[in-house]
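The structure file model19.pdb is reproduced below (PDB, C-alpha atoms).
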```pdb
ATOM      1  CA  MET A   1      -2.652   0.801 -29.375  1.00  0.00           C
ATOM      2  CA  ALA A   2      -3.423  -1.779 -26.680  1.00  0.00           C
ATOM      3  CA  ILE A   3      -0.138  -3.300 -25.589  1.00  0.00           C
ATOM      4  CA  LYS A   4      -0.238  -6.693 -23.950  1.00  0.00           C
ATOM      5  CA  LEU A   5       2.773  -8.024 -22.054  1.00  0.00           C
ATOM      6  CA  ARG A   6       3.454 -11.718 -21.633  1.00  0.00           C
ATOM      7  CA  ALA A   7       6.328 -14.118 -21.104  1.00  0.00           C
ATOM      8  CA  VAL A   8       8.319 -14.973 -24.208  1.00  0.00           C
ATOM      9  CA  ARG A   9       7.599 -18.437 -25.613  1.00  0.00           C
ATOM     10  CA  ASN A  10       9.806 -20.648 -27.801  1.00  0.00           C
ATOM     11  CA  GLU A  11       7.700 -19.898 -30.875  1.00  0.00           C
ATOM     12  CA  ASP A  12       8.505 -16.167 -30.507  1.00  0.00           C
ATOM     13  CA  PHE A  13      12.195 -16.682 -31.270  1.00  0.00           C
ATOM     14  CA  ALA A  14      12.158 -15.780 -34.982  1.00  0.00           C
ATOM     15  CA  ALA A  15      10.186 -12.582 -34.331  1.00  0.00           C
ATOM     16  CA  LEU A  16      12.516 -11.582 -31.483  1.00  0.00           C
ATOM     17  CA  HIS A  17      15.603 -12.157 -33.593  1.00  0.00           C
ATOM     18  CA  ALA A  18      14.156 -10.130 -36.484  1.00  0.00           C
ATOM     19  CA  LEU A  19      13.248  -7.318 -34.103  1.00  0.00           C
ATOM     20  CA  ASP A  20      16.729  -7.274 -32.562  1.00  0.00           C
ATOM     21  CA  GLN A  21      18.312  -7.173 -36.038  1.00  0.00           C
ATOM     22  CA  ALA A  22      16.106  -4.184 -36.911  1.00  0.00           C
ATOM     23  CA  CYS A  23      16.835  -2.346 -33.651  1.00  0.00           C
ATOM     24  CA  PHE A  24      20.621  -2.565 -33.627  1.00  0.00           C
ATOM     25  CA  ALA A  25      23.451  -2.147 -36.102  1.00  0.00           C
ATOM     26  CA  PRO A  26      25.270  -5.173 -37.503  1.00  0.00           C
ATOM     27  CA  GLY A  27      27.780  -6.412 -34.972  1.00  0.00           C
ATOM     28  CA  ILE A  28      25.770  -4.974 -32.096  1.00  0.00           C
ATOM     29  CA  ALA A  29      22.573  -6.869 -32.900  1.00  0.00           C
ATOM     30  CA  TRP A  30      22.721 -10.388 -31.527  1.00  0.00           C
ATOM     31  CA  SER A  31      23.321 -13.518 -33.522  1.00  0.00           C
ATOM     32  CA  LYS A  32      20.726 -16.263 -33.113  1.00  0.00           C
ATOM     33  CA  ALA A  33      23.082 -18.084 -30.742  1.00  0.00           C
ATOM     34  CA  GLU A  34      23.590 -14.984 -28.575  1.00  0.00           C
ATOM     35  CA  LEU A  35      19.873 -14.273 -28.356  1.00  0.00           C
ATOM     36  CA  LEU A  36      19.155 -17.887 -27.463  1.00  0.00           C
ATOM     37  CA  TYR A  37      21.846 -17.748 -24.769  1.00  0.00           C
ATOM     38  CA  PHE A  38      20.227 -14.744 -23.064  1.00  0.00           C
ATOM     39  CA  LEU A  39      16.722 -16.167 -23.418  1.00  0.00           C
ATOM     40  CA  LYS A  40      17.724 -19.511 -21.884  1.00  0.00           C
ATOM     41  CA  TYR A  41      20.217 -18.327 -19.254  1.00  0.00           C
ATOM     42  CA  PRO A  42      19.072 -19.596 -15.826  1.00  0.00           C
ATOM     43  CA  GLY A  43      17.228 -16.919 -13.899  1.00  0.00           C
ATOM     44  CA  ASN A  44      16.748 -14.546 -16.851  1.00  0.00           C
ATOM     45  CA  VAL A  45      13.247 -13.332 -17.660  1.00  0.00           C
ATOM     46  CA  ALA A  46      12.046 -12.387 -21.125  1.00  0.00           C
ATOM     47  CA  ILE A  47       8.938 -10.280 -21.637  1.00  0.00           C
ATOM     48  CA  LEU A  48       7.186  -9.731 -24.956  1.00  0.00           C
ATOM     49  CA  ALA A  49       5.067  -6.702 -25.850  1.00  0.00           C
ATOM     50  CA  GLU A  50       2.328  -7.374 -28.395  1.00  0.00           C
ATOM     51  CA  ASP A  51      -0.160  -5.167 -30.187  1.00  0.00           C
ATOM     52  CA  ALA A  52      -3.078  -7.156 -31.619  1.00  0.00           C
ATOM     53  CA  GLY A  53      -0.954 -10.306 -31.420  1.00  0.00           C
ATOM     54  CA  VAL A  54       1.994  -8.743 -33.276  1.00  0.00           C
ATOM     55  CA  PRO A  55       5.317  -8.571 -31.395  1.00  0.00           C
ATOM     56  CA  VAL A  56       6.348  -4.912 -31.074  1.00  0.00           C
ATOM     57  CA  GLY A  57       9.048  -5.186 -28.420  1.00  0.00           C
ATOM     58  CA  PHE A  58      10.740  -7.312 -25.825  1.00  0.00           C
ATOM     59  CA  ALA A  59      12.936  -7.078 -22.760  1.00  0.00           C
ATOM     60  CA  ILE A  60      15.387  -9.491 -21.197  1.00  0.00           C
ATOM     61  CA  ALA A  61      16.612  -9.085 -17.627  1.00  0.00           C
ATOM     62  CA  GLY A  62      18.372 -11.209 -15.058  1.00  0.00           C
ATOM     63  CA  THR A  63      20.182 -11.162 -11.750  1.00  0.00           C
ATOM     64  CA  GLN A  64      23.803 -11.478 -10.736  1.00  0.00           C
ATOM     65  CA  ARG A  65      25.701 -11.413  -7.452  1.00  0.00           C
ATOM     66  CA  ARG A  66      28.290  -8.731  -6.782  1.00  0.00           C
ATOM     67  CA  GLN A  67      30.011  -8.380  -3.420  1.00  0.00           C
ATOM     68  CA  GLY A  68      27.262 -10.397  -1.739  1.00  0.00           C
ATOM     69  CA  LYS A  69      24.421  -8.304  -3.154  1.00  0.00           C
ATOM     70  CA  LEU A  70      21.866  -9.482  -5.686  1.00  0.00           C
ATOM     71  CA  LEU A  71      21.805  -7.043  -8.594  1.00  0.00           C
ATOM     72  CA  GLY A  72      19.295  -6.836 -11.394  1.00  0.00           C
ATOM     73  CA  ARG A  73      20.650  -6.439 -14.886  1.00  0.00           C
ATOM     74  CA  LEU A  74      18.585  -5.087 -17.729  1.00  0.00           C
ATOM     75  CA  ILE A  75      20.117  -6.934 -20.662  1.00  0.00           C
ATOM     76  CA  THR A  76      18.067  -5.370 -23.447  1.00  0.00           C
ATOM     77  CA  ILE A  77      14.895  -3.566 -24.366  1.00  0.00           C
ATOM     78  CA  ASP A  78      14.083  -3.761 -28.083  1.00  0.00           C
ATOM     79  CA  VAL A  79      11.139  -1.788 -29.476  1.00  0.00           C
ATOM     80  CA  ASP A  80      10.030  -1.702 -33.106  1.00  0.00           C
ATOM     81  CA  ALA A  81      11.015   1.710 -34.535  1.00  0.00           C
ATOM     82  CA  ALA A  82       7.420   2.463 -35.592  1.00  0.00           C
ATOM     83  CA  ARG A  83       6.211   1.880 -31.989  1.00  0.00           C
ATOM     84  CA  ARG A  84       8.779   3.965 -30.129  1.00  0.00           C
ATOM     85  CA  ARG A  85       7.660   6.878 -27.960  1.00  0.00           C
ATOM     86  CA  ARG A  86       4.277   5.222 -27.425  1.00  0.00           C
ATOM     87  CA  GLY A  87       4.850   3.627 -24.022  1.00  0.00           C
ATOM     88  CA  VAL A  88       6.078   0.210 -25.179  1.00  0.00           C
ATOM     89  CA  GLY A  89       9.589   0.643 -23.766  1.00  0.00           C
ATOM     90  CA  GLU A  90       8.254   2.076 -20.525  1.00  0.00           C
ATOM     91  CA  ALA A  91       5.851  -0.856 -20.092  1.00  0.00           C
ATOM     92  CA  LEU A  92       8.669  -3.326 -20.735  1.00  0.00           C
ATOM     93  CA  LEU A  93      11.010  -1.502 -18.335  1.00  0.00           C
ATOM     94  CA  LYS A  94       8.392  -1.449 -15.566  1.00  0.00           C
ATOM     95  CA  ALA A  95       7.666  -5.154 -16.031  1.00  0.00           C
ATOM     96  CA  ALA A  96      11.367  -6.072 -16.049  1.00  0.00           C
ATOM     97  CA  GLU A  97      12.064  -3.999 -12.936  1.00  0.00           C
ATOM     98  CA  GLU A  98       9.122  -5.623 -11.153  1.00  0.00           C
ATOM     99  CA  ARG A  99      10.463  -9.114 -11.954  1.00  0.00           C
ATOM    100  CA  LEU A 100      13.906  -8.106 -10.705  1.00  0.00           C
ATOM    101  CA  ARG A 101      12.464  -6.686  -7.461  1.00  0.00           C
ATOM    102  CA  GLU A 102      10.484  -9.905  -6.967  1.00  0.00           C
ATOM    103  CA  ALA A 103      13.727 -11.861  -7.399  1.00  0.00           C
ATOM    104  CA  GLY A 104      15.284  -9.785  -4.601  1.00  0.00           C
ATOM    105  CA  ALA A 105      17.511  -7.428  -6.585  1.00  0.00           C
ATOM    106  CA  THR A 106      18.534  -4.296  -4.700  1.00  0.00           C
ATOM    107  CA  THR A 107      19.868  -2.369  -7.697  1.00  0.00           C
ATOM    108  CA  VAL A 108      19.202  -2.476 -11.431  1.00  0.00           C
ATOM    109  CA  LEU A 109      22.061  -1.822 -13.818  1.00  0.00           C
ATOM    110  CA  LEU A 110      22.457  -1.665 -17.574  1.00  0.00           C
ATOM    111  CA  GLU A 111      24.896  -0.710 -20.289  1.00  0.00           C
ATOM    112  CA  VAL A 112      24.087   1.696 -23.111  1.00  0.00           C
ATOM    113  CA  ALA A 113      26.231   2.931 -25.988  1.00  0.00           C
ATOM    114  CA  VAL A 114      27.688   6.408 -25.504  1.00  0.00           C
ATOM    115  CA  ASP A 115      26.324   7.373 -28.929  1.00  0.00           C
ATOM    116  CA  ASN A 116      22.747   6.269 -28.125  1.00  0.00           C
ATOM    117  CA  SER A 117      21.480   9.525 -26.655  1.00  0.00           C
ATOM    118  CA  ALA A 118      17.803   8.568 -27.042  1.00  0.00           C
ATOM    119  CA  ALA A 119      18.249   5.460 -24.879  1.00  0.00           C
ATOM    120  CA  GLN A 120      20.304   7.390 -22.329  1.00  0.00           C
ATOM    121  CA  ALA A 121      17.566  10.019 -22.041  1.00  0.00           C
ATOM    122  CA  PHE A 122      14.906   7.293 -21.700  1.00  0.00           C
ATOM    123  CA  TYR A 123      16.748   5.615 -18.839  1.00  0.00           C
ATOM    124  CA  GLU A 124      17.493   8.930 -17.119  1.00  0.00           C
ATOM    125  CA  ARG A 125      13.778   9.814 -17.270  1.00  0.00           C
ATOM    126  CA  HIS A 126      13.153   6.543 -15.449  1.00  0.00           C
ATOM    127  CA  GLY A 127      15.562   7.207 -12.585  1.00  0.00           C
ATOM    128  CA  PHE A 128      18.818   5.703 -13.841  1.00  0.00           C
ATOM    129  CA  THR A 129      22.055   7.575 -13.257  1.00  0.00           C
ATOM    130  CA  ARG A 130      25.406   7.171 -14.982  1.00  0.00           C
ATOM    131  CA  THR A 131      27.845   5.339 -12.745  1.00  0.00           C
ATOM    132  CA  GLY A 132      30.637   4.232 -15.051  1.00  0.00           C
ATOM    133  CA  ARG A 133      32.025   3.743 -18.516  1.00  0.00           C
ATOM    134  CA  ILE A 134      33.325   0.616 -20.259  1.00  0.00           C
ATOM    135  CA  PRO A 135      35.810   1.381 -23.064  1.00  0.00           C
ATOM    136  CA  GLY A 136      35.229  -0.463 -26.346  1.00  0.00           C
ATOM    137  CA  TYR A 137      32.209  -2.411 -25.072  1.00  0.00           C
ATOM    138  CA  TYR A 138      30.457  -2.405 -28.437  1.00  0.00           C
ATOM    139  CA  LEU A 139      32.361  -3.660 -31.490  1.00  0.00           C
ATOM    140  CA  GLY A 140      35.606  -3.076 -29.623  1.00  0.00           C
ATOM    141  CA  ARG A 141      35.428   0.640 -30.332  1.00  0.00           C
ATOM    142  CA  ILE A 142      32.226   2.172 -28.915  1.00  0.00           C
ATOM    143  CA  ASP A 143      32.200   2.836 -25.193  1.00  0.00           C
ATOM    144  CA  ALA A 144      29.253   1.910 -23.006  1.00  0.00           C
ATOM    145  CA  LEU A 145      27.880   3.946 -20.155  1.00  0.00           C
ATOM    146  CA  VAL A 146      26.908   1.969 -17.075  1.00  0.00           C
ATOM    147  CA  MET A 147      23.661   3.227 -15.584  1.00  0.00           C
ATOM    148  CA  GLU A 148      22.066   2.161 -12.302  1.00  0.00           C
ATOM    149  CA  LYS A 149      19.114   2.781 -10.042  1.00  0.00           C
ATOM    150  CA  GLU A 150      17.852   1.361  -6.799  1.00  0.00           C
ATOM    151  CA  ALA A 151      15.399  -1.466  -7.479  1.00  0.00           C
ATOM    152  CA  GLY A 152      12.829  -0.067  -5.093  1.00  0.00           C
ATOM    153  CA  GLU A 153      12.523   3.307  -6.802  1.00  0.00           C
ATOM    154  CA  ALA A 154       9.238   4.039  -8.530  1.00  0.00           C
ATOM    155  CA  LEU A 155       9.278   4.639 -12.243  1.00  0.00           C
TER     156      LEU A 155
END
```
As structure tokens, what does this structure read like?
Amino acid sequence: MAIKLRAVRNEDFAALHALDQACFAPGIAWSKAELLYFLKYPGNVAILAEDAGVPVGFAIAGTQRRQGKLLGRLITIDVDAARRRRGVGEALLKAAEERLREAGATTVLLEVAVDNSAAQAFYERHGFTRTGRIPGYYLGRIDALVMEKEAGEAL
């Protein structure tokens, strides 16, 4: 598998939406309007992973200011179920973190469902630590863990 990363283009939208619907449960997966919002939000970056021209994953990240500091926020990493554990997510994470560092972010944060142990383990392997919990973040009933790492840390 030869993964190629590139910026998301407008014509990728249908494939990204289908991938997000496959990756997440109904109600957690984004509607078309939500996905478009995150793709078009000023300052966000969207990275596509392809294998032989076929989309196999994507990441969206952006920055936000908190208490005068510029923080990076990993909004999502979606990887086709058949391509997981093959380096696609890691490649997308590295690329997203690099874009956030280039933008001047000092810390990268993300939210992950408390019942998504595979994602939690993935992020912990890549230097993220649990720093908080948001009650009812998903569907109004599933808590999210907040995880963070310093933007300068190597993966």
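Atom CA of Val112 of chain A sits 9.3 Å away from atom CA of Tyr138 of chain A.
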Next item on the list: Run the PyMOL selection byres ((chain A and resi 2) around 8) against the file shown and list the residues it catches, as a ChimeraX atom specification.
Entry: /A:1,3-4,51-52
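Using all atoms listed in the file, the smallest distance between any of A:Leu48, A:Leu110, A:Pro135, A:Gly140 and Arg6 of chain A comes from A:Leu48.
Here the PyMOL selection byres ((chain A and resi 73) around 7) matches the residues Ala61, Gly62, Thr63, Leu71, Gly72, Leu74, Ile75, Val108, Leu109 and Leu110 of chain A.
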Save the residues we just selected, C-alpha atoms, as an mmCIF file, in the coordinates of the input?
```
data_model
loop_
_atom_site.group_PDB
_atom_site.id
_atom_site.type_symbol
_atom_site.label_atom_id
_atom_site.label_comp_id
_atom_site.auth_asym_id
_atom_site.auth_seq_id
_atom_site.Cartn_x
_atom_site.Cartn_y
_atom_site.Cartn_z
ATOM 1 C CA ALA A 61 16.612 -9.085 -17.627
ATOM 2 C CA GLY A 62 18.372 -11.209 -15.058
ATOM 3 C CA THR A 63 20.182 -11.162 -11.750
ATOM 4 C CA LEU A 71 21.805 -7.043 -8.594
ATOM 5 C CA GLY A 72 19.295 -6.836 -11.394
ATOM 6 C CA LEU A 74 18.585 -5.087 -17.729
ATOM 7 C CA ILE A 75 20.117 -6.934 -20.662
ATOM 8 C CA VAL A 108 19.202 -2.476 -11.431
ATOM 9 C CA LEU A 109 22.061 -1.822 -13.818
ATOM 10 C CA LEU A 110 22.457 -1.665 -17.574
#
```
Notebook entry, point to check: Interatomic distance between atom CA of Gly136 of chain A and atom CA of Ile28 of chain A?
Noted result: 12.0 Å
Item checked: Residue IDs satisfying the PyMOL selection byres ((chain A and resi 32-46) around 9), as a PyMOL selection string -> chain A and resi 6-9+13-14+16-17+20+30-31+47-48+58-63+75+96+99-100+103
Check: With only C-alpha atoms as the atoms that count, which of A:Phe128, A:Val54, A:Arg85, A:Met147 lies nearest to Glu111 of chain A?
Finding: A:Met147
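If all atoms listed in the file are the atoms counted, then among A:Ala49, A:Leu92, A:Ile77, A:Leu145 the closest residue to Gly132 of chain A is A:Leu145.
Closest to Gly68 of chain A among A:Ala118, A:Ala105, A:Val56, A:Leu93 is A:Ala105, based on all atoms listed in the file.
Note that the spacing between atom CA of Arg130 of chain A and atom CA of Lys149 of chain A amounts to 9.1 Å.
In terms of minimum interatomic distance to Val146 of chain A, A:Glu124 ranks closest within A:Glu124, A:Asp80, A:Asp12, A:Glu90, counting all atoms listed in the file.
Between Gln21 of chain A and the residues A:Asp78, A:Gly89, A:Val114, A:Arg133, the shortest atom-to-atom distance, using all atoms listed in the file, involves A:Asp78.
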Once 4 Å is added on each side, what centre and edge lengths in Å to one decimal does the axis-aligned box around all listed atoms of segment 76-85 of chain A have, as JSON?
```
{"center_x": 12.1, "center_y": 0.8, "center_z": -29.5, "size_x": 19.9, "size_y": 20.2, "size_z": 20.1}
```
